[in-house]
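Undergrad: Next comes entry.cif, mmCIF, C-alpha atoms:
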```
data_work
loop_
_atom_site.label_atom_id
_atom_site.label_comp_id
_atom_site.auth_asym_id
_atom_site.auth_seq_id
_atom_site.Cartn_x
_atom_site.Cartn_y
_atom_site.Cartn_z
CA MET A 14 30.78 18.86 -56.20
CA LEU A 15 33.60 17.63 -54.01
CA ASP A 16 34.99 15.40 -56.77
CA THR A 17 35.07 18.29 -59.22
CA ALA A 18 36.73 20.61 -56.70
CA LEU A 19 39.28 17.93 -55.85
CA LEU A 20 40.05 17.40 -59.53
CA ILE A 21 40.51 21.15 -60.09
CA GLY A 22 42.76 21.44 -57.05
CA LEU A 23 44.86 18.43 -58.07
CA THR A 24 45.29 19.84 -61.57
CA LEU A 25 46.41 23.21 -60.22
CA ILE A 26 48.85 21.63 -57.77
CA VAL A 27 50.35 19.42 -60.48
CA LEU A 28 50.75 22.44 -62.77
CA ALA A 29 52.43 24.33 -59.93
CA MET A 30 54.81 21.41 -59.36
CA ALA A 31 55.64 21.34 -63.06
CA MET A 32 56.53 25.05 -62.90
CA ASN A 33 58.68 24.39 -59.84
CA VAL A 34 60.56 21.65 -61.66
CA TYR A 35 61.10 24.00 -64.61
CA ARG A 36 62.54 26.69 -62.31
CA LEU A 37 64.66 23.99 -60.63
CA ALA A 38 66.08 23.11 -64.04
CA ILE A 39 66.74 26.59 -65.41
CA GLY A 40 67.44 28.48 -62.18
CA PRO A 41 70.42 30.73 -62.83
CA ASP A 42 71.90 30.49 -59.35
CA ILE A 43 71.95 28.14 -56.41
CA PRO A 44 69.41 30.06 -54.23
CA ASP A 45 66.90 29.97 -57.09
CA ARG A 46 67.15 26.20 -57.20
CA LEU A 47 66.91 26.04 -53.43
CA LEU A 48 63.75 28.17 -53.48
CA ALA A 49 62.28 25.94 -56.19
CA LEU A 50 63.03 22.83 -54.13
CA ASP A 51 61.45 24.41 -51.04
CA THR A 52 58.27 25.25 -52.95
CA LEU A 53 58.28 21.77 -54.47
CA TYR A 54 58.13 20.06 -51.11
CA VAL A 55 55.37 22.36 -49.88
CA ASN A 56 53.38 21.54 -53.01
CA SER A 57 54.04 17.83 -52.54
CA ILE A 58 52.50 18.08 -49.04
CA ALA A 59 49.38 19.56 -50.65
CA LEU A 60 49.39 16.75 -53.23
CA ILE A 61 49.64 14.07 -50.53
CA VAL A 62 46.82 15.62 -48.49
CA MET A 63 44.60 15.76 -51.55
CA LEU A 64 45.46 12.14 -52.37
CA GLY A 65 44.28 11.25 -48.86
CA LEU A 66 41.02 13.10 -49.54
CA TRP A 67 40.65 11.33 -52.90
CA LEU A 68 41.17 7.85 -51.44
CA ASN A 69 39.25 8.73 -48.22
CA THR A 70 41.98 7.47 -45.90
CA LYS A 71 43.95 9.09 -43.12
CA THR A 72 47.09 7.05 -43.73
CA TYR A 73 49.05 9.73 -45.52
CA PHE A 74 49.20 12.49 -42.90
CA GLU A 75 52.20 11.02 -41.18
CA ALA A 76 53.99 11.16 -44.52
CA ALA A 77 52.95 14.81 -44.86
CA ILE A 78 54.32 15.68 -41.38
CA LEU A 79 57.58 13.86 -42.16
CA ILE A 80 57.99 15.70 -45.47
CA ALA A 81 57.32 19.06 -43.79
CA MET A 82 59.93 18.54 -41.06
CA LEU A 83 62.62 17.03 -43.29
CA GLY A 84 62.10 19.68 -45.95
CA PHE A 85 62.52 22.51 -43.44
CA VAL A 86 65.64 20.94 -41.94
CA SER A 87 67.22 20.29 -45.33
CA THR A 88 66.51 23.82 -46.55
CA MET A 89 68.07 25.23 -43.38
CA ALA A 90 71.10 22.97 -43.81
CA ILE A 91 71.72 24.06 -47.40
CA CYS A 92 71.24 27.73 -46.43
CA ARG A 93 73.79 27.37 -43.63
CA TYR A 94 76.17 25.67 -46.04
CA LEU A 95 75.86 28.50 -48.57
CA LEU A 96 76.14 31.19 -45.91
CA ARG A 97 78.97 29.83 -43.80
CA GLY A 98 80.56 27.12 -45.88
CA ASP A 99 79.83 24.72 -43.06
CA ILE A 100 76.66 23.30 -41.53
CA ILE A 101 77.63 22.62 -37.93
CA GLU A 102 80.64 24.58 -36.82
CA MET B 25 20.71 17.66 -44.90
CA THR B 26 21.26 21.33 -45.51
CA PHE B 27 24.24 21.26 -43.18
CA TYR B 28 25.99 18.67 -45.33
CA VAL B 29 25.38 20.63 -48.51
CA ILE B 30 26.82 23.80 -46.95
CA ALA B 31 29.80 21.90 -45.54
CA GLU B 32 30.49 20.33 -48.93
CA GLY B 33 30.38 23.76 -50.53
CA VAL B 34 32.79 25.18 -47.98
CA ILE B 35 35.21 22.28 -48.42
CA ALA B 36 35.06 22.53 -52.21
CA PHE B 37 35.65 26.29 -52.05
CA LEU B 38 38.66 25.84 -49.75
CA LEU B 39 40.13 23.17 -52.02
CA VAL B 40 39.81 25.29 -55.16
CA ALA B 41 41.09 28.42 -53.38
CA GLY B 42 44.09 26.51 -52.04
CA GLY B 43 44.88 25.19 -55.49
CA ILE B 44 44.63 28.68 -56.99
CA PHE B 45 46.85 30.19 -54.29
CA ALA B 46 49.52 27.50 -54.69
CA PHE B 47 49.39 27.90 -58.47
CA THR B 48 49.77 31.67 -58.16
CA GLY B 49 52.76 31.33 -55.86
CA SER B 50 54.52 28.99 -58.25
CA LEU B 51 53.63 31.20 -61.21
CA GLY B 52 55.21 34.16 -59.43
CA MET B 53 58.31 32.12 -58.75
CA LEU B 54 58.49 31.22 -62.43
CA GLN B 55 57.76 34.62 -63.91
CA PHE B 56 59.55 37.27 -61.89
CA LYS B 57 62.90 38.52 -63.14
CA ASP B 58 64.89 38.69 -59.95
CA PHE B 59 65.68 36.34 -57.09
CA PHE B 60 64.51 38.84 -54.49
CA MET B 61 61.22 39.24 -56.35
CA ARG B 62 60.90 35.51 -56.84
CA LEU B 63 61.13 35.03 -53.11
CA HIS B 64 57.76 36.71 -52.60
CA GLY B 65 55.58 34.17 -54.37
CA PRO B 66 56.30 30.92 -52.52
CA THR B 67 56.66 32.44 -49.08
CA LYS B 68 53.18 33.98 -49.14
CA GLY B 69 51.00 32.46 -51.84
CA THR B 70 51.99 28.83 -51.49
CA THR B 71 51.83 28.94 -47.69
CA LEU B 72 48.29 30.34 -47.77
CA GLY B 73 47.27 27.76 -50.38
CA ILE B 74 48.49 24.82 -48.39
CA GLY B 75 46.81 26.24 -45.27
CA CYS B 76 43.51 26.30 -47.16
CA ILE B 77 43.94 22.72 -48.38
CA LEU B 78 44.86 21.39 -44.94
CA ILE B 79 41.88 23.13 -43.31
CA ALA B 80 39.62 21.65 -46.01
CA SER B 81 40.98 18.18 -45.23
CA MET B 82 40.46 18.75 -41.50
CA LEU B 83 36.84 19.81 -42.04
CA TYR B 84 36.19 16.84 -44.33
CA PHE B 85 37.45 14.21 -41.92
CA THR B 86 35.80 15.90 -38.95
CA ILE B 87 32.40 15.86 -40.66
CA THR B 88 32.52 12.45 -42.32
CA GLN B 89 33.93 10.48 -39.39
CA ARG B 90 31.96 12.44 -36.74
CA GLU B 91 34.89 13.04 -34.45
CA LEU B 92 37.42 15.83 -34.07
CA HIS B 93 40.54 15.56 -36.23
CA VAL B 94 43.18 18.18 -35.54
CA GLN B 95 46.31 16.51 -36.93
CA GLU B 96 46.19 18.68 -40.04
CA LEU B 97 46.24 21.77 -37.83
CA LEU B 98 49.65 20.59 -36.64
CA ILE B 99 51.05 20.61 -40.19
CA THR B 100 49.42 23.99 -40.82
CA LEU B 101 50.97 25.55 -37.73
CA PHE B 102 54.36 24.04 -38.51
CA LEU B 103 54.33 25.36 -42.07
CA PHE B 104 53.11 28.80 -40.98
CA ILE B 105 55.96 29.02 -38.48
CA THR B 106 58.70 27.69 -40.75
CA ALA B 107 57.85 29.54 -43.99
CA PRO B 108 59.02 33.01 -42.78
CA VAL B 109 62.18 31.50 -41.33
CA THR B 110 62.95 29.83 -44.65
CA GLY B 111 62.27 33.05 -46.54
CA HIS B 112 64.55 35.01 -44.23
CA MET B 113 67.37 32.53 -44.58
CA LEU B 114 67.00 32.43 -48.37
CA ALA B 115 67.08 36.23 -48.57
CA LYS B 116 70.21 36.28 -46.40
CA THR B 117 71.80 33.71 -48.69
CA GLY B 118 70.94 35.78 -51.74
CA LEU B 119 72.42 38.93 -50.19
CA HIS B 120 75.50 37.04 -49.13
CA MET B 121 76.13 35.58 -52.57
CA HIS B 122 75.67 38.97 -54.34
CA LEU B 123 73.03 37.80 -56.76
CA ARG B 124 72.23 40.07 -59.66
CA PHE B 125 69.13 42.21 -59.19
CA ILE B 126 67.04 44.65 -61.14
CA THR B 127 67.62 48.32 -60.45
CA GLY B 128 64.72 50.71 -60.53
CA THR B 129 62.61 49.01 -57.89
CA ARG B 130 61.47 51.11 -54.98
CA GLY B 131 63.57 51.26 -51.85
CA SER B 132 67.26 50.58 -51.63
CA VAL B 133 68.61 48.20 -49.06
CA PRO B 134 71.97 49.29 -47.59
CA GLU B 135 73.47 46.06 -48.86
CA PHE B 136 72.57 47.08 -52.40
CA ARG B 137 73.54 50.71 -52.27
CA ASP B 138 77.20 50.74 -53.24
CA GLU B 139 76.55 48.46 -56.20
CA ASP B 140 73.66 50.49 -57.55
CA VAL B 141 75.64 52.35 -60.19
CA GLY B 142 74.71 50.73 -63.50
CA GLN B 143 72.83 52.63 -66.17
CA SER B 144 71.44 49.48 -67.73
CA ARG B 145 68.24 47.90 -66.53
CA VAL B 146 69.89 44.87 -65.01
CA ALA B 147 72.91 45.70 -62.91
CA ARG B 148 75.60 43.09 -62.87
CA PRO B 149 77.63 43.89 -59.79
CA ALA B 150 79.25 40.52 -59.64
CA ARG B 151 78.52 37.06 -60.82
CA ALA B 152 77.15 34.94 -58.03
CA LYS B 153 80.12 33.55 -56.23
CA HIS B 154 80.28 30.23 -54.60
CA PRO B 155 81.23 30.77 -50.98
CA TRP B 156 84.05 28.27 -50.99
CA LYS B 157 85.66 29.68 -54.14
CA TYR B 158 85.17 33.19 -52.78
CA ARG B 159 86.89 32.28 -49.55
CA LYS B 160 89.82 30.69 -51.31
CA ALA B 161 90.31 33.80 -53.44
CA LYS B 162 90.17 36.00 -50.36
CA ARG B 163 92.71 33.86 -48.53
CA SER B 164 95.15 33.86 -51.41
CA ARG B 165 94.86 37.61 -51.68
CA MET B 166 95.62 37.96 -48.01
CA ARG B 167 98.72 35.76 -48.34
CA ARG B 168 100.12 37.97 -51.05
#
```
Spell out the structure here as structure tokens.

TA:
Amino acid sequence: MLDTALLIGLTLIVLAMAMNVYRLAIGPDIPDRLLALDTLYVNSIALIVMLGLWLNTKTYFEAAILIAMLGFVSTMAICRYLLRGDIIE
Amino acid sequence: MTFYVIAEGVIAFLLVAGGIFAFTGSLGMLQFKDFFMRLHGPTKGTTLGIGCILIASMLYFTITQRELHVQELLITLFLFITAPVTGHMLAKTGLHMHLRFITGTRGSVPEFRDEDVGQSRVARPARAKHPWKYRKAKRSRMRR
């Protein structure tokens, strides 16, 4: 049961990431692409956690924490750049 | 024995529900017609989906290794705190850059109100301006 559920979840997450990449490619404006990138890193955290469940190891959670923090900081930096024209004033 | 069967069912349900929520959030981001509508999907659906998946992982490792694992709760809390902040900053960026939006939705934000004059379905108040180009134009106008 767990294998089937994991397979379904992985398929859905990969489909969601494909849709994010499509929006990242066609996004009409810069904030659309930024939103797509933000969703892409959140989905990649889910993918890494499910890979850890699939391989039955706990090695990948540090990678998930790192991706969460760096993704938040980079999104904030690009937002500041678009809002102010400068990141650290 | 029964406990393990129930736990497996709960973990499988959380995994599938998380996948469905994340898929729905990305589908909303792909399908909606407007940036301010597109902002709704990832900030709510995807955050809930990844919360479900992380709690499923936490339950799995707690039950199989017979000791408490709460590292995933850290990621969950971090994402639940940072997702509204990211959504707020993205909405501010969209308002600042004057993105095109669909008229006819309920409620009018004061930032939208003076541009809400078009008869067509999609108002085009201004093409999205890059902030640096916009600033240069403003400066040159002020010099004149």

Undergrad: Please identify every residue of chain A that has at least one atom no more than 9 Å from any atom of chain B, counting only C-alpha atoms, and report them as a PyMOL selection string.

TA: chain A and resi 14-19+21-30+32-33+35-36+42-45+47-49+51-53+55-56+58-59+62-63+65-66+69+71+74+77-78+81-82+85+88-89+92-98

Undergrad: Go through A:Leu50, A:Leu20, A:Ile61, A:Leu68 and flag the residue nearest Gly84 (chain A), using all atoms listed in the file for the distances.

TA: A:Leu50

Undergrad: Work out how far CA of Ile80 (chain A) is from CA of Tyr54 (chain A), in Å to one decimal.

TA: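 Taking CA of Tyr54 (chain A) and CA of Ile80 (chain A), their separation equals 7.1 Å.
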
Undergrad: Just to confirm, what's the straight-line distance from CA of Ile91 (chain A) to CA of Ile126 (chain B) in Å (one decimal)?

TA: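 Computing it gives 25.2 Å between the two atoms.
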
Undergrad: CA of Leu60 (chain A) and CA of Pro41 (chain A) are how many Å apart?

TA: 27.0 Å

Undergrad: Identify which of the residues B:His122, B:Thr26, B:Leu101, B:Arg90 lies closest to Leu72 (chain B), counting only C-alpha atoms when measuring atom-to-atom distances.

TA: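 Distance minimum relative to Leu72 (chain B) lands on B:Leu101.
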
Undergrad: Given the choices B:Ile30, B:Phe104, B:Leu92, B:Leu97, which gets closest to Gly69 (chain B) if the distance is worked out from all atoms listed in the file?

TA: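 Nearest to Gly69 (chain B): B:Phe104.
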
Undergrad: Can you sort out region 17-52 of chain A so it carries N, CA and C atoms, written as a short mmCIF file (atom, residue, chain, number, x, y, z; two decimals), keeping the file's coordinate frame?

TA:
```cif
data_model
loop_
_atom_site.label_atom_id
_atom_site.label_comp_id
_atom_site.auth_asym_id
_atom_site.auth_seq_id
_atom_site.Cartn_x
_atom_site.Cartn_y
_atom_site.Cartn_z
N THR A 17 34.64 17.29 -58.23
CA THR A 17 35.07 18.29 -59.22
C THR A 17 36.09 19.24 -58.60
N ALA A 18 35.80 19.69 -57.36
CA ALA A 18 36.73 20.61 -56.70
C ALA A 18 38.08 19.95 -56.47
N LEU A 19 38.03 18.66 -56.09
CA LEU A 19 39.28 17.93 -55.85
C LEU A 19 40.08 17.79 -57.14
N LEU A 20 39.36 17.55 -58.24
CA LEU A 20 40.05 17.40 -59.53
C LEU A 20 40.69 18.73 -59.94
N ILE A 21 39.95 19.83 -59.74
CA ILE A 21 40.51 21.15 -60.09
C ILE A 21 41.75 21.45 -59.25
N GLY A 22 41.63 21.17 -57.93
CA GLY A 22 42.76 21.44 -57.05
C GLY A 22 43.97 20.59 -57.40
N LEU A 23 43.73 19.30 -57.71
CA LEU A 23 44.86 18.43 -58.07
C LEU A 23 45.53 18.91 -59.34
N THR A 24 44.71 19.34 -60.31
CA THR A 24 45.29 19.84 -61.57
C THR A 24 46.16 21.06 -61.33
N LEU A 25 45.65 21.98 -60.48
CA LEU A 25 46.41 23.21 -60.22
C LEU A 25 47.71 22.89 -59.49
N ILE A 26 47.64 21.96 -58.53
CA ILE A 26 48.85 21.63 -57.77
C ILE A 26 49.88 20.96 -58.68
N VAL A 27 49.41 20.09 -59.58
CA VAL A 27 50.35 19.42 -60.48
C VAL A 27 50.98 20.42 -61.44
N LEU A 28 50.18 21.40 -61.90
CA LEU A 28 50.75 22.44 -62.77
C LEU A 28 51.79 23.26 -62.01
N ALA A 29 51.48 23.57 -60.73
CA ALA A 29 52.43 24.33 -59.93
C ALA A 29 53.73 23.55 -59.73
N MET A 30 53.60 22.22 -59.53
CA MET A 30 54.81 21.41 -59.36
C MET A 30 55.61 21.35 -60.65
N ALA A 31 54.92 21.33 -61.79
CA ALA A 31 55.64 21.34 -63.06
C ALA A 31 56.42 22.64 -63.23
N MET A 32 55.80 23.77 -62.81
CA MET A 32 56.53 25.05 -62.90
C MET A 32 57.71 25.07 -61.95
N ASN A 33 57.55 24.45 -60.78
CA ASN A 33 58.68 24.39 -59.84
C ASN A 33 59.83 23.59 -60.43
N VAL A 34 59.50 22.47 -61.08
CA VAL A 34 60.56 21.65 -61.66
C VAL A 34 61.26 22.41 -62.78
N TYR A 35 60.49 23.21 -63.54
CA TYR A 35 61.10 24.00 -64.61
C TYR A 35 62.07 25.03 -64.03
N ARG A 36 61.65 25.70 -62.94
CA ARG A 36 62.54 26.69 -62.31
C ARG A 36 63.76 25.98 -61.69
N LEU A 37 63.53 24.77 -61.18
CA LEU A 37 64.66 23.99 -60.63
C LEU A 37 65.66 23.65 -61.72
N ALA A 38 65.17 23.46 -62.95
CA ALA A 38 66.08 23.11 -64.04
C ALA A 38 66.82 24.33 -64.57
N ILE A 39 66.10 25.46 -64.75
CA ILE A 39 66.74 26.59 -65.41
C ILE A 39 67.29 27.62 -64.46
N GLY A 40 67.08 27.42 -63.12
CA GLY A 40 67.44 28.48 -62.18
C GLY A 40 68.85 28.97 -62.36
N PRO A 41 69.07 30.28 -62.51
CA PRO A 41 70.42 30.73 -62.83
C PRO A 41 71.43 30.53 -61.69
N ASP A 42 70.96 30.59 -60.46
CA ASP A 42 71.90 30.49 -59.35
C ASP A 42 71.42 29.44 -58.36
N ILE A 43 72.28 29.18 -57.38
CA ILE A 43 71.95 28.14 -56.41
C ILE A 43 70.74 28.52 -55.55
N PRO A 44 70.60 29.76 -55.03
CA PRO A 44 69.41 30.06 -54.23
C PRO A 44 68.10 29.95 -55.00
N ASP A 45 68.12 30.18 -56.32
CA ASP A 45 66.90 29.97 -57.09
C ASP A 45 66.48 28.51 -57.06
N ARG A 46 67.46 27.63 -57.24
CA ARG A 46 67.15 26.20 -57.20
C ARG A 46 66.69 25.78 -55.81
N LEU A 47 67.30 26.36 -54.80
CA LEU A 47 66.91 26.04 -53.43
C LEU A 47 65.49 26.48 -53.15
N LEU A 48 65.13 27.67 -53.64
CA LEU A 48 63.75 28.17 -53.48
C LEU A 48 62.76 27.28 -54.22
N ALA A 49 63.15 26.82 -55.42
CA ALA A 49 62.28 25.94 -56.19
C ALA A 49 62.08 24.62 -55.46
N LEU A 50 63.13 24.10 -54.86
CA LEU A 50 63.03 22.83 -54.13
C LEU A 50 62.14 23.00 -52.90
N ASP A 51 62.27 24.13 -52.22
CA ASP A 51 61.45 24.41 -51.04
C ASP A 51 59.97 24.47 -51.40
N THR A 52 59.66 25.17 -52.50
CA THR A 52 58.27 25.25 -52.95
C THR A 52 57.77 23.89 -53.41
#
```
